[in-house]
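Encoded as structure tokens, the structure appears first; notes follow it.
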Amino acid sequence: MSIKLVAIDIDGTLVNSKHEITPEVYQAIQEAKAAGVKIVITTGRPIAGVQELLNKLNLNEPGNYVITFNGALVQETSTGQEVIKDALSYEDYLDIEYLATKLGIHSHAITKDGIYTSNRNIGNYTVHEATLVSMPIFYRTPEENRNKEFVKTMYIDEPEILDQAIAKIPQEFYDRFTIVKSRPFYLEVLNKTSNKGTAILHLTEKLGISVEETMAIGDEENDRAMLEVVGHPIVMENGNPELKKIAQHITKSNDESGVAYAIRKWVLD
């Protein structure tokens with residue numbers, strides 16, 4: 001059965017270690033598009049951190065979709081029309097923020113338009129995230145955020161500090177939220193219904209595409225949900241070893257244009 005939709009993660013997957021799209025990856029995606037394959041960028045980034053890539057890859061035309069915030073937001077790229085939006089409540093945000101304070105780690109919360117932190121000493125990785133996704137940072141107290149619509153929150157800190165904090169997160173939080181580690185220094189906390197897999201299933205149903213006709217390419221734990229639901233899960237050579245256990249195939253690394261290799265070998269061949 002031919003593949004009609006390919007979901008592609010960004011960091012560690014679509015882009016190389018210099019955060020660039022290689023010419024090989026660009027060309028393979030254009031050929032897949034020309035063959036009628038839906039290419040869906042599927043990322044933990046907010047929409048502002050994806051727009052430039054969508055433009056470069058010609059994925060901002062009518063009929064194209066993007067999955068952002070690890071599945072919490074799905075949009076039609078040319079109009080911005082929302083297909084899915086699973087925001088956190090203000091009470092959710094307060095509880096997540098309180099736990100960060102209790103655990104002694106940095107945190108921030110993200111809307112469609114900005115990154116909000118109540119850390120007076122803004123964390124280095126909050127600055128890193130803002131630079132990566134081209135979004136402004138706002139220092140606000142939790143009380144000042146009452147009317148904000150947060151799509152996701154992030155616990156961010158040095159890997160060893162973050163790992164120690166993760167070990168102390170109560171089970172109730174895992175029952176209540178979707179919690180995924182997207183980088184050694186990022187732990188993302190989202191609405192319980194939000195993950196890349198659910199977003200892909202919703203989108204394929206809307207488009208009339210069967211699961212067997214889907215492929216996903218990823219590298220980290222926040223890609224697990226989408227890799228588990230598609231018919232053809234592909235993991236990058238530079239990917240998490242645990243994810244490789246559920247992969248149908250392992251493609252080349254992101255510095256070797258692994259996305260291009262996967263598309264040519266298992267989609268266009």
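Order determines the names: the first chain of the structure tokens is A, the second B, and so forth; residues in each chain are numbered 1 upward, and ligands are numbered 1 upward as they are shown.
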
Original post:
Residues of segment 53-244 of chain A in helix (DSSP H, G or I) according to DSSP, as JSON, numbers by chain?
Top reply: {"A": [53, 54, 55, 56, 69, 70, 71, 90, 91, 92, 93, 94, 95, 96, 97, 98, 99, 100, 101, 102, 103, 124, 125, 126, 127, 128, 129, 130, 131, 132, 133, 142, 143, 144, 145, 159, 160, 161, 162, 163, 164, 165, 166, 171, 172, 173, 174, 175, 176, 196, 197, 198, 199, 200, 201, 202, 203, 204, 205, 206, 207, 211, 212, 213, 221, 222, 223, 224, 225, 226, 227, 228, 229, 241, 242, 243, 244]}

Write out, as a compact mmCIF listing (two decimals), in the first residue's frame, the residues just selected, with C-alpha atoms.
```txt
# COMPACT_ATOMS: atom_id res chain seq x y z
CA LEU A 53 10.33 26.29 7.55
CA LEU A 54 6.83 26.01 6.08
CA ASN A 55 7.66 28.87 3.72
CA LYS A 56 10.99 27.33 2.69
CA PHE A 69 2.88 22.17 20.45
CA ASN A 70 3.35 18.37 20.39
CA GLY A 71 -0.16 17.85 19.05
CA TYR A 90 -5.67 28.55 34.32
CA GLU A 91 -5.97 26.11 37.24
CA ASP A 92 -3.78 23.63 35.34
CA TYR A 93 -1.20 26.34 34.76
CA LEU A 94 -1.16 27.33 38.44
CA ASP A 95 -0.63 23.74 39.58
CA ILE A 96 2.16 23.20 37.04
CA GLU A 97 3.80 26.46 38.06
CA TYR A 98 3.52 25.63 41.76
CA LEU A 99 5.18 22.26 41.24
CA ALA A 100 8.09 23.91 39.41
CA THR A 101 8.61 26.20 42.40
CA LYS A 102 8.39 23.26 44.78
CA LEU A 103 10.92 21.27 42.75
CA ASN A 124 18.99 30.06 30.06
CA TYR A 125 16.81 27.50 28.30
CA THR A 126 13.87 29.90 28.22
CA VAL A 127 16.12 32.28 26.30
CA HIS A 128 17.27 29.37 24.12
CA GLU A 129 13.67 28.39 23.33
CA ALA A 130 12.70 31.98 22.51
CA THR A 131 15.61 32.27 20.09
CA LEU A 132 14.89 28.88 18.51
CA VAL A 133 11.21 29.56 17.87
CA PRO A 142 1.05 33.82 37.83
CA GLU A 143 -1.72 36.23 38.83
CA GLU A 144 -1.04 38.36 35.76
CA ASN A 145 -1.47 35.32 33.53
CA PRO A 159 19.82 18.01 32.41
CA GLU A 160 21.04 16.70 35.76
CA ILE A 161 18.86 19.19 37.68
CA LEU A 162 15.85 18.42 35.49
CA ASP A 163 16.28 14.65 35.88
CA GLN A 164 16.39 14.97 39.66
CA ALA A 165 13.18 17.01 39.54
CA ILE A 166 11.46 14.54 37.20
CA GLN A 171 1.97 10.18 39.72
CA GLU A 172 -1.12 12.39 39.86
CA PHE A 173 0.55 14.72 37.36
CA TYR A 174 1.13 11.88 34.89
CA ASP A 175 -2.52 10.87 35.27
CA ARG A 176 -3.69 14.43 34.70
CA LYS A 196 1.43 13.92 18.22
CA GLY A 197 -0.25 10.56 17.72
CA THR A 198 -3.76 11.76 18.52
CA ALA A 199 -3.24 14.77 16.27
CA ILE A 200 -2.16 12.57 13.35
CA LEU A 201 -5.12 10.23 13.79
CA HIS A 202 -7.52 13.19 13.81
CA LEU A 203 -5.92 14.62 10.69
CA THR A 204 -5.89 11.34 8.75
CA GLU A 205 -9.57 10.84 9.55
CA LYS A 206 -10.32 14.34 8.26
CA LEU A 207 -8.34 13.65 5.07
CA VAL A 211 -3.31 4.52 9.18
CA GLU A 212 -1.60 1.97 6.93
CA GLU A 213 -0.94 4.79 4.44
CA GLU A 221 10.42 10.64 23.26
CA ASN A 222 7.89 13.31 22.28
CA ASP A 223 7.69 11.50 18.92
CA ARG A 224 6.75 8.16 20.48
CA ALA A 225 2.98 8.71 20.32
CA MET A 226 3.04 9.37 16.57
CA LEU A 227 5.46 6.54 15.87
CA GLU A 228 3.15 4.15 17.70
CA VAL A 229 0.04 5.03 15.67
CA PRO A 241 17.76 4.15 21.51
CA GLU A 242 14.44 3.31 23.18
CA LEU A 243 12.52 4.66 20.17
CA LYS A 244 14.54 2.51 17.81
```

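Close contacts of Arg264 of chain A, defined as residues with an atom at most 10 Å away when counting only C-alpha atoms, with chain neighbours fewer than 6 positions off set aside, comprise A:Val25, A:Ala28, A:Ile29, A:Glu31, A:Ala32, A:Gly258.
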
Please provide the set of residues having any atom within 6 Å of segment 42-49 of chain A, restricted to only C-alpha atoms, with same-chain residues fewer than 6 positions apart removed, written as a tab-separated table (two decimals) with C-alpha atoms, in the first residue's frame.
```tsv
chain	number	residue	atom	x	y	z
A	7	ALA	CA	4.60	13.30	9.49
A	8	ILE	CA	8.05	14.77	10.16
A	9	ASP	CA	9.50	16.08	13.43
A	10	ILE	CA	11.78	19.13	13.18
A	67	ILE	CA	0.94	19.97	13.95
A	68	THR	CA	2.53	22.14	16.64
A	69	PHE	CA	2.88	22.17	20.45
A	70	ASN	CA	3.35	18.37	20.39
A	133	VAL	CA	11.21	29.56	17.87
A	134	SER	CA	11.38	33.32	17.25
```

**OP:** If you run DSSP over the backbone, which residues in segment 19-194 of chain A end up strand (DSSP E or B)? Put them as a PyMOL selection string.
**Re:** chain A and resi 38-42+65-68+73-76+82-85+106-110+115-117+137-139+152-156+177-183+186-191

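Relative to atom CA of Gly218 of chain A, atom CA of Val66 of chain A is found at 15.1 Å.
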
**OP:** Compile the contact shell of segment 185-187 of chain A as a PyMOL selection string: residues with an atom at most 8 Å away, counting only C-alpha atoms, same-chain residues fewer than 2 positions apart removed.
**Re:** chain A and resi 125+154-159+162+179-183+189

Subject >> Separation of atom CA of His106 of chain A from atom CA of Leu88 of chain A, in Å and rounded to one decimal >> reply: 18.7 Å

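Nearest-residue note for Ala35 of chain A: choosing from A:Asn195, A:Ile217, A:Lys4, A:Glu61, the minimum distance belongs to A:Lys4, counting only C-alpha atoms.
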
Original post:
Between atom CA of Ile234 of chain A and atom CA of Glu256 of chain A, what is the distance, to one decimal in Å?
Top reply: 15.0 Å

**OP:** Just the residues within 12 Å of Leu57 of chain A, please, counting only C-alpha atoms, with nothing from its chain fewer than 4 positions along; format it as JSON, numbers by chain.
**Re:** {"A": [14, 15, 20, 21, 22, 23, 24, 25, 26, 27, 28, 29, 30, 31, 32, 33, 39, 40, 41, 50, 51, 52, 53, 61, 64, 77]}

Original post:
What lies within 12 Å of Ile250 of chain A using only C-alpha atoms, ignoring chain neighbours under 5 positions off, as a PyMOL selection string?
Top reply: chain A and resi 13+216-219+232-241+243-245+258-259+261-262+265-266

Output of the above residues as an mmCIF file, in the first residue's frame, restricted to C-alpha atoms:
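The result, stored in out_4.cif:
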```
data_model
loop_
_atom_site.group_PDB
_atom_site.id
_atom_site.type_symbol
_atom_site.label_atom_id
_atom_site.label_comp_id
_atom_site.auth_asym_id
_atom_site.auth_seq_id
_atom_site.Cartn_x
_atom_site.Cartn_y
_atom_site.Cartn_z
ATOM 1 C CA THR A 13 14.988 15.064 12.362
ATOM 2 C CA ALA A 216 6.208 9.244 10.754
ATOM 3 C CA ILE A 217 9.862 10.209 11.144
ATOM 4 C CA GLY A 218 11.205 11.232 14.551
ATOM 5 C CA ASP A 219 14.054 11.040 17.018
ATOM 6 C CA HIS A 232 5.363 3.018 9.062
ATOM 7 C CA PRO A 233 7.386 4.359 12.031
ATOM 8 C CA ILE A 234 10.868 5.585 11.062
ATOM 9 C CA VAL A 235 13.495 6.636 13.632
ATOM 10 C CA MET A 236 16.611 8.653 12.916
ATOM 11 C CA GLU A 237 20.053 7.083 13.385
ATOM 12 C CA ASN A 238 20.719 9.861 15.907
ATOM 13 C CA GLY A 239 17.447 9.050 17.669
ATOM 14 C CA ASN A 240 16.726 7.827 21.172
ATOM 15 C CA PRO A 241 17.761 4.148 21.506
ATOM 16 C CA LEU A 243 12.524 4.663 20.174
ATOM 17 C CA LYS A 244 14.541 2.508 17.807
ATOM 18 C CA LYS A 245 12.931 -0.528 19.428
ATOM 19 C CA GLY A 258 18.034 11.046 6.945
ATOM 20 C CA VAL A 259 14.587 12.437 6.093
ATOM 21 C CA TYR A 261 16.821 8.932 2.617
ATOM 22 C CA ALA A 262 13.590 7.737 4.248
ATOM 23 C CA LYS A 265 13.597 4.603 0.025
ATOM 24 C CA TRP A 266 10.176 3.979 1.591
#
```

Original post:
Can you list, as a ChimeraX atom specification, every protein, DNA or RNA residue that comes within 6 Å of Asn16 of chain A when you count only C-alpha atoms, leaving out same-chain residues fewer than 2 positions away?
Top reply: /A:18-20,254-255

If you keep N, CA and C atoms, can you produce a file of those selected residues as a PDB file, in the first residue's frame?
```pdb
ATOM      1  N   LYS A  18      22.955  22.026  12.637  1.00  0.00           N
ATOM      2  CA  LYS A  18      23.075  23.478  12.483  1.00  0.00           C
ATOM      3  C   LYS A  18      21.705  24.132  12.301  1.00  0.00           C
ATOM      4  N   HIS A  19      20.637  23.349  12.506  1.00  0.00           N
ATOM      5  CA  HIS A  19      19.251  23.808  12.353  1.00  0.00           C
ATOM      6  C   HIS A  19      18.946  24.230  10.918  1.00  0.00           C
ATOM      7  N   GLU A  20      19.546  23.511   9.970  1.00  0.00           N
ATOM      8  CA  GLU A  20      19.357  23.805   8.545  1.00  0.00           C
ATOM      9  C   GLU A  20      18.630  22.655   7.849  1.00  0.00           C
ATOM     10  N   ASN A 254      20.295  12.991  11.083  1.00  0.00           N
ATOM     11  CA  ASN A 254      19.849  14.293  10.569  1.00  0.00           C
ATOM     12  C   ASN A 254      20.983  15.039   9.872  1.00  0.00           C
ATOM     13  N   ASP A 255      22.224  14.745  10.228  1.00  0.00           N
ATOM     14  CA  ASP A 255      23.355  15.375   9.544  1.00  0.00           C
ATOM     15  C   ASP A 255      23.702  14.667   8.233  1.00  0.00           C
TER      16      ASP A 255
END
```
